[in-house]
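The structure file structure-v6.pdb is reproduced below (PDB, C-alpha atoms, pLDDT in the B column).
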ATOM      1  CA  MET D1481      29.098 -31.661 -77.386  1.00 67.00           C
ATOM      2  CA  ALA D1482      31.711 -31.858 -74.605  1.00 79.00           C
ATOM      3  CA  LEU D1483      30.562 -33.102 -71.190  1.00 90.00           C
ATOM      4  CA  GLU D1484      32.159 -34.292 -67.959  1.00 91.00           C
ATOM      5  CA  VAL D1485      31.144 -36.566 -65.111  1.00 92.00           C
ATOM      6  CA  ILE D1486      32.726 -37.888 -61.903  1.00 93.00           C
ATOM      7  CA  GLY D1487      32.143 -41.452 -60.781  1.00 94.00           C
ATOM      8  CA  LYS D1488      33.668 -44.749 -59.728  1.00 94.00           C
ATOM      9  CA  LEU D1489      35.379 -46.938 -62.346  1.00 95.00           C
ATOM     10  CA  HIS D1490      33.150 -50.011 -62.244  1.00 95.00           C
ATOM     11  CA  LYS D1491      34.575 -52.199 -65.041  1.00 95.00           C
ATOM     12  CA  LYS D1492      37.452 -52.061 -67.554  1.00 94.00           C
ATOM     13  CA  PHE D1493      37.397 -53.989 -70.825  1.00 94.00           C
ATOM     14  CA  ALA D1494      40.309 -55.033 -73.046  1.00 92.00           C
ATOM     15  CA  THR D1495      41.357 -53.046 -76.101  1.00 89.00           C
ATOM     16  CA  VAL D1496      39.791 -54.362 -79.314  1.00 89.00           C
ATOM     17  CA  SER D1497      41.259 -53.911 -82.811  1.00 88.00           C
ATOM     18  CA  LYS D1498      38.731 -53.311 -85.573  1.00 82.00           C
ATOM     19  CA  GLY D1499      39.324 -54.294 -89.184  1.00 80.00           C
ATOM     20  CA  SER D1500      42.583 -54.472 -91.072  1.00 77.00           C
ATOM     21  CA  THR D1501      43.577 -50.871 -90.254  1.00 78.00           C
ATOM     22  CA  ALA D1502      44.273 -51.725 -86.593  1.00 80.00           C
ATOM     23  CA  PHE D1503      41.721 -49.127 -85.449  1.00 87.00           C
ATOM     24  CA  GLN D1504      41.421 -49.655 -81.693  1.00 90.00           C
ATOM     25  CA  THR D1505      38.567 -49.149 -79.249  1.00 91.00           C
ATOM     26  CA  ARG D1506      38.281 -49.800 -75.544  1.00 93.00           C
ATOM     27  CA  GLU D1507      35.214 -49.639 -73.324  1.00 94.00           C
ATOM     28  CA  PHE D1508      34.759 -49.036 -69.616  1.00 95.00           C
ATOM     29  CA  VAL D1509      31.819 -48.631 -67.246  1.00 96.00           C
ATOM     30  CA  LEU D1510      31.508 -45.737 -64.817  1.00 95.00           C
ATOM     31  CA  GLU D1511      29.224 -45.937 -61.774  1.00 95.00           C
ATOM     32  CA  ILE D1512      27.451 -42.712 -60.889  1.00 93.00           C
ATOM     33  CA  MET D1513      24.679 -42.109 -58.393  1.00 90.00           C
ATOM     34  CA  ASP D1514      21.451 -40.494 -59.576  1.00 88.00           C
ATOM     35  CA  GLY D1515      19.677 -39.677 -56.329  1.00 87.00           C
ATOM     36  CA  ASN D1516      19.250 -43.062 -54.606  1.00 90.00           C
ATOM     37  CA  TYR D1517      19.823 -45.053 -57.779  1.00 92.00           C
ATOM     38  CA  GLN D1518      23.085 -46.422 -59.144  1.00 92.00           C
ATOM     39  CA  GLN D1519      23.658 -45.766 -62.848  1.00 94.00           C
ATOM     40  CA  LEU D1520      26.191 -47.836 -64.796  1.00 95.00           C
ATOM     41  CA  ILE D1521      27.239 -45.859 -67.865  1.00 94.00           C
ATOM     42  CA  LYS D1522      29.422 -47.371 -70.622  1.00 95.00           C
ATOM     43  CA  PHE D1523      31.995 -45.134 -72.339  1.00 95.00           C
ATOM     44  CA  GLN D1524      34.423 -45.854 -75.138  1.00 94.00           C
ATOM     45  CA  LEU D1525      37.972 -44.782 -75.910  1.00 92.00           C
ATOM     46  CA  LEU D1526      39.290 -44.555 -79.482  1.00 91.00           C
ATOM     47  CA  LYS D1527      42.744 -45.007 -81.031  1.00 89.00           C
ATOM     48  CA  ASP D1528      45.575 -43.654 -78.840  1.00 88.00           C
ATOM     49  CA  ALA D1529      43.126 -42.703 -76.079  1.00 89.00           C
ATOM     50  CA  CYS D1530      42.742 -46.440 -75.251  1.00 90.00           C
ATOM     51  CA  ALA D1531      45.918 -46.147 -73.144  1.00 91.00           C
ATOM     52  CA  LEU D1532      44.297 -43.538 -70.843  1.00 91.00           C
ATOM     53  CA  LEU D1533      42.549 -46.306 -68.916  1.00 92.00           C
ATOM     54  CA  ASP D1534      45.754 -48.193 -68.058  1.00 92.00           C
ATOM     55  CA  LYS D1535      46.680 -45.957 -65.107  1.00 92.00           C
ATOM     56  CA  PHE D1536      43.358 -46.475 -63.309  1.00 93.00           C
ATOM     57  CA  ASN D1537      42.053 -49.425 -61.283  1.00 93.00           C
ATOM     58  CA  GLU D1538      38.484 -50.553 -60.861  1.00 94.00           C
ATOM     59  CA  GLN D1539      36.849 -48.740 -57.905  1.00 93.00           C
ATOM     60  CA  ASP D1540      38.993 -45.591 -58.471  1.00 94.00           C
ATOM     61  CA  GLU D1541      37.045 -42.313 -58.334  1.00 95.00           C
ATOM     62  CA  ILE D1542      37.701 -40.572 -61.663  1.00 94.00           C
ATOM     63  CA  LYS D1543      36.602 -37.571 -63.708  1.00 94.00           C
ATOM     64  CA  VAL D1544      35.763 -38.385 -67.336  1.00 94.00           C
ATOM     65  CA  GLU D1545      35.534 -35.808 -70.106  1.00 93.00           C
ATOM     66  CA  PHE D1546      33.679 -37.036 -73.170  1.00 93.00           C
ATOM     67  CA  ASN D1547      31.777 -36.147 -76.320  1.00 91.00           C
ATOM     68  CA  LEU D1548      28.210 -37.209 -76.901  1.00 92.00           C
ATOM     69  CA  ARG D1549      27.846 -38.625 -80.430  1.00 91.00           C
ATOM     70  CA  GLY D1550      24.791 -39.992 -82.172  1.00 92.00           C
ATOM     71  CA  ARG D1551      23.670 -40.924 -85.657  1.00 91.00           C
ATOM     72  CA  TRP D1552      20.990 -42.715 -87.639  1.00 93.00           C
ATOM     73  CA  TRP D1553      21.946 -46.199 -88.810  1.00 89.00           C
ATOM     74  CA  LYS D1554      19.020 -47.815 -90.624  1.00 88.00           C
ATOM     75  CA  ASP D1555      15.254 -48.085 -90.337  1.00 88.00           C
ATOM     76  CA  ASP D1556      14.462 -46.628 -86.919  1.00 89.00           C
ATOM     77  CA  ILE D1557      17.785 -47.468 -85.276  1.00 93.00           C
ATOM     78  CA  TYR D1558      19.731 -44.591 -83.776  1.00 94.00           C
ATOM     79  CA  LEU D1559      23.161 -45.070 -82.238  1.00 90.00           C
ATOM     80  CA  THR D1560      24.625 -43.105 -79.344  1.00 91.00           C
ATOM     81  CA  ASN D1561      28.239 -43.173 -78.177  1.00 91.00           C
ATOM     82  CA  LEU D1562      29.974 -41.546 -75.242  1.00 92.00           C
ATOM     83  CA  ASN D1563      33.514 -40.994 -76.562  1.00 92.00           C
ATOM     84  CA  CYS D1564      35.936 -40.335 -73.712  1.00 92.00           C
ATOM     85  CA  TRP D1565      38.916 -38.153 -74.576  1.00 91.00           C
ATOM     86  CA  ARG D1566      40.299 -37.304 -71.126  1.00 92.00           C
ATOM     87  CA  MET D1567      40.409 -39.008 -67.705  1.00 92.00           C
ATOM     88  CA  ASP D1568      41.772 -37.762 -64.382  1.00 91.00           C
ATOM     89  CA  LYS D1569      41.627 -38.867 -60.770  1.00 90.00           C
ATOM     90  CA  ALA D1570      38.855 -37.133 -58.846  1.00 85.00           C
ATOM     91  CA  ASN D1571      40.225 -34.458 -56.502  1.00 76.00           C
ATOM     92  CA  GLY D1572      41.532 -36.310 -53.465  1.00 52.00           C
ATOM     93  CA  GLY D1573      38.477 -38.560 -53.259  1.00 45.00           C
ATOM     94  CA  ASP D1574      36.376 -35.754 -51.771  1.00 42.00           C
ATOM     95  CA  ALA D1575      34.552 -35.012 -55.016  1.00 40.00           C
ATOM     96  CA  LYS D1576      30.946 -36.155 -55.144  1.00 44.00           C
ATOM     97  CA  PRO D1577      29.604 -38.005 -58.191  1.00 44.00           C
ATOM     98  CA  VAL D1578      27.568 -35.623 -60.314  1.00 44.00           C
ATOM     99  CA  ALA D1579      25.321 -35.751 -63.331  1.00 46.00           C
ATOM    100  CA  PRO D1580      26.857 -34.843 -66.701  1.00 48.00           C
ATOM    101  CA  THR D1581      27.288 -31.121 -67.289  1.00 47.00           C
ATOM    102  CA  THR D1582      27.998 -29.162 -70.436  1.00 47.00           C
ATOM    103  CA  LYS D1583      31.559 -27.928 -70.665  1.00 47.00           C
ATOM    104  CA  ALA D1584      32.871 -25.301 -73.055  1.00 42.00           C
ATOM    105  CA  ALA D1585      35.826 -27.211 -74.449  1.00 43.00           C
ATOM    106  CA  THR D1586      36.832 -28.674 -77.726  1.00 41.00           C
ATOM    107  CA  ALA D1587      37.899 -32.259 -78.027  1.00 40.00           C
ATOM    108  CA  PRO D1588      41.075 -33.380 -79.776  1.00 42.00           C
ATOM    109  CA  ALA D1589      40.643 -34.335 -83.411  1.00 41.00           C
ATOM    110  CA  ALA D1590      40.803 -38.053 -82.522  1.00 41.00           C
ATOM    111  CA  ALA D1591      37.566 -37.754 -80.573  1.00 40.00           C
ATOM    112  CA  THR D1592      35.579 -36.962 -83.708  1.00 41.00           C
ATOM    113  CA  HIS D1593      35.943 -40.509 -85.020  1.00 42.00           C
ATOM    114  CA  THR D1594      33.256 -42.862 -83.817  1.00 44.00           C
ATOM    115  CA  THR D1595      32.501 -46.529 -83.957  1.00 45.00           C
ATOM    116  CA  HIS D1596      29.007 -47.708 -83.378  1.00 46.00           C
ATOM    117  CA  THR D1597      27.618 -50.673 -81.580  1.00 47.00           C
ATOM    118  CA  HIS D1598      23.950 -51.302 -80.952  1.00 47.00           C
ATOM    119  CA  HIS D1599      23.034 -52.334 -77.435  1.00 49.00           C
ATOM    120  CA  ALA D1600      19.624 -53.017 -75.994  1.00 51.00           C
ATOM    121  CA  PRO D1601      18.565 -50.345 -73.497  1.00 55.00           C
ATOM    122  CA  LEU D1602      18.954 -51.187 -69.837  1.00 53.00           C
ATOM    123  CA  PRO D1603      15.700 -51.573 -67.927  1.00 56.00           C
ATOM    124  CA  GLN D1604      14.893 -48.502 -65.872  1.00 59.00           C
ATOM    125  CA  THR D1605      13.588 -48.825 -62.338  1.00 60.00           C
ATOM    126  CA  PRO D1606      10.873 -46.222 -61.745  1.00 61.00           C
ATOM    127  CA  PRO D1607      11.144 -44.143 -58.591  1.00 61.00           C
ATOM    128  CA  PRO D1608       8.869 -45.227 -55.758  1.00 63.00           C
ATOM    129  CA  THR D1609       5.497 -43.510 -55.755  1.00 66.00           C
ATOM    130  CA  VAL D1610       3.463 -42.509 -52.736  1.00 69.00           C
ATOM    131  CA  LYS D1611      -0.228 -43.320 -53.116  1.00 68.00           C
ATOM    132  CA  PRO D1612      -2.785 -41.073 -51.418  1.00 72.00           C
ATOM    133  CA  PRO D1613      -4.931 -42.741 -48.752  1.00 75.00           C
ATOM    134  CA  LEU D1614      -8.287 -44.173 -49.817  1.00 72.00           C
ATOM    135  CA  PRO D1615     -11.335 -41.990 -48.999  1.00 72.00           C
ATOM    136  CA  THR D1616     -13.414 -42.813 -45.925  1.00 74.00           C
ATOM    137  CA  ALA D1617     -17.074 -42.175 -45.058  1.00 68.00           C
ATOM    138  CA  ALA D1618     -16.017 -38.920 -43.379  1.00 70.00           C
ATOM    139  CA  ASP D1619     -14.744 -37.712 -46.768  1.00 70.00           C
ATOM    140  CA  ALA D1620     -18.193 -38.137 -48.407  1.00 67.00           C
ATOM    141  CA  PRO D1621     -20.038 -34.884 -49.249  1.00 65.00           C
ATOM    142  CA  ASN D1622     -22.891 -33.761 -47.012  1.00 65.00           C
ATOM    143  CA  MET D1623     -26.159 -34.744 -48.743  1.00 62.00           C
ATOM    144  CA  ASP D1624     -28.482 -33.149 -46.136  1.00 63.00           C
ATOM    145  CA  GLY D1625     -29.291 -29.988 -48.003  1.00 62.00           C
ATOM    146  CA  ASP D1626     -29.762 -28.461 -51.322  1.00 63.00           C
ATOM    147  CA  ASP D1627     -26.913 -28.748 -53.704  1.00 61.00           C
ATOM    148  CA  ASP D1628     -26.213 -26.768 -56.807  1.00 64.00           C
ATOM    149  CA  LEU D1629     -26.634 -29.669 -59.227  1.00 62.00           C
ATOM    150  CA  PRO D1630     -29.357 -29.140 -61.880  1.00 65.00           C
ATOM    151  CA  PHE D1631     -30.672 -32.729 -61.703  1.00 60.00           C
TER     152      PHE D1631
END

Here is the file; what I need is its structure written in the form of structure tokens.
Amino acid sequence: MALEVIGKLHKKFATVSKGSTAFQTREFVLEIMDGNYQQLIKFQLLKDACALLDKFNEQDEIKVEFNLRGRWWKDDIYLTNLNCWRMDKANGGDAKPVAPTTKAATAPAAATHTTHTHHAPLPQTPPPTVKPPLPTAADAPNMDGDDDLPF
């Protein structure tokens, strides 16, 4: 499933080699706004795509194209990865951060390989709720007449 999102590059991590095959991964965090709330979303780059991040600095506004990958691991543990396969500068800085949208595109073959790490979910802050005012004596029903109750 190919998706894209625009946001601010919040954090870059170093490239990590996995195993004896020199398989490389690199992670980065993108800041996007969801209404009034900041969302920090971690993506990963695989193999040759790790170099895509080198031309960007933290705080740059960028567009990220990625694949959503998920699988069962063991027991009731499910893993989800956001595998980035393309990054570009946002158009002149006038682009607004947006929520992920489905895009009809196919990813390069390298994007089909995934590595999986298990991370605890981030705590979610619920949106503020507005409570209705408490009832007053004026809100009480009129008890001066017949009502339609059978008792």

Residues picked by the PyMOL selection byres ((chain D and resi 1511-1528) around 7) here, as a compact mmCIF listing (two decimals) with C-alpha atoms, in the frame of the given file?
# COMPACT_ATOMS: atom_id res chain seq x y z
CA GLY D 1487 32.14 -41.45 -60.78
CA LYS D 1488 33.67 -44.75 -59.73
CA LEU D 1489 35.38 -46.94 -62.35
CA HIS D 1490 33.15 -50.01 -62.24
CA PHE D 1503 41.72 -49.13 -85.45
CA GLN D 1504 41.42 -49.66 -81.69
CA THR D 1505 38.57 -49.15 -79.25
CA ARG D 1506 38.28 -49.80 -75.54
CA GLU D 1507 35.21 -49.64 -73.32
CA PHE D 1508 34.76 -49.04 -69.62
CA VAL D 1509 31.82 -48.63 -67.25
CA LEU D 1510 31.51 -45.74 -64.82
CA ALA D 1529 43.13 -42.70 -76.08
CA CYS D 1530 42.74 -46.44 -75.25
CA ALA D 1531 45.92 -46.15 -73.14
CA LEU D 1562 29.97 -41.55 -75.24
CA ASN D 1563 33.51 -40.99 -76.56
CA CYS D 1564 35.94 -40.34 -73.71
CA TRP D 1565 38.92 -38.15 -74.58
CA PRO D 1577 29.60 -38.01 -58.19

Interatomic distance, atom CA of Val1485 of chain D to atom CA of Tyr1558 of chain D (Å, one decimal): 23.3 Å

One-decimal distance in Å that lies between atom CA of Arg1551 of chain D and atom CA of Ala1482 of chain D: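 Interatomic distance, atom CA of Ala1482 of chain D to atom CA of Arg1551 of chain D: 16.4 Å.
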
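With all atoms listed in the file as the basis for measurement, D:Asn1547 is the residue among D:Thr1560, D:Asn1547, D:Thr1495, D:Ser1500 that approaches Leu1483 of chain D most closely.
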
Distance in Å - atom CA of Trp1552 of chain D versus atom CA of Lys1498 of chain D: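 Between atom CA of Trp1552 of chain D and atom CA of Lys1498 of chain D the gap works out to 20.8 Å.
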
Selection result of the PyMOL selection byres ((chain D and resi 1540) around 8) on this file, as a PyMOL selection string: chain D and resi 1488-1489+1536-1539+1541-1542+1569
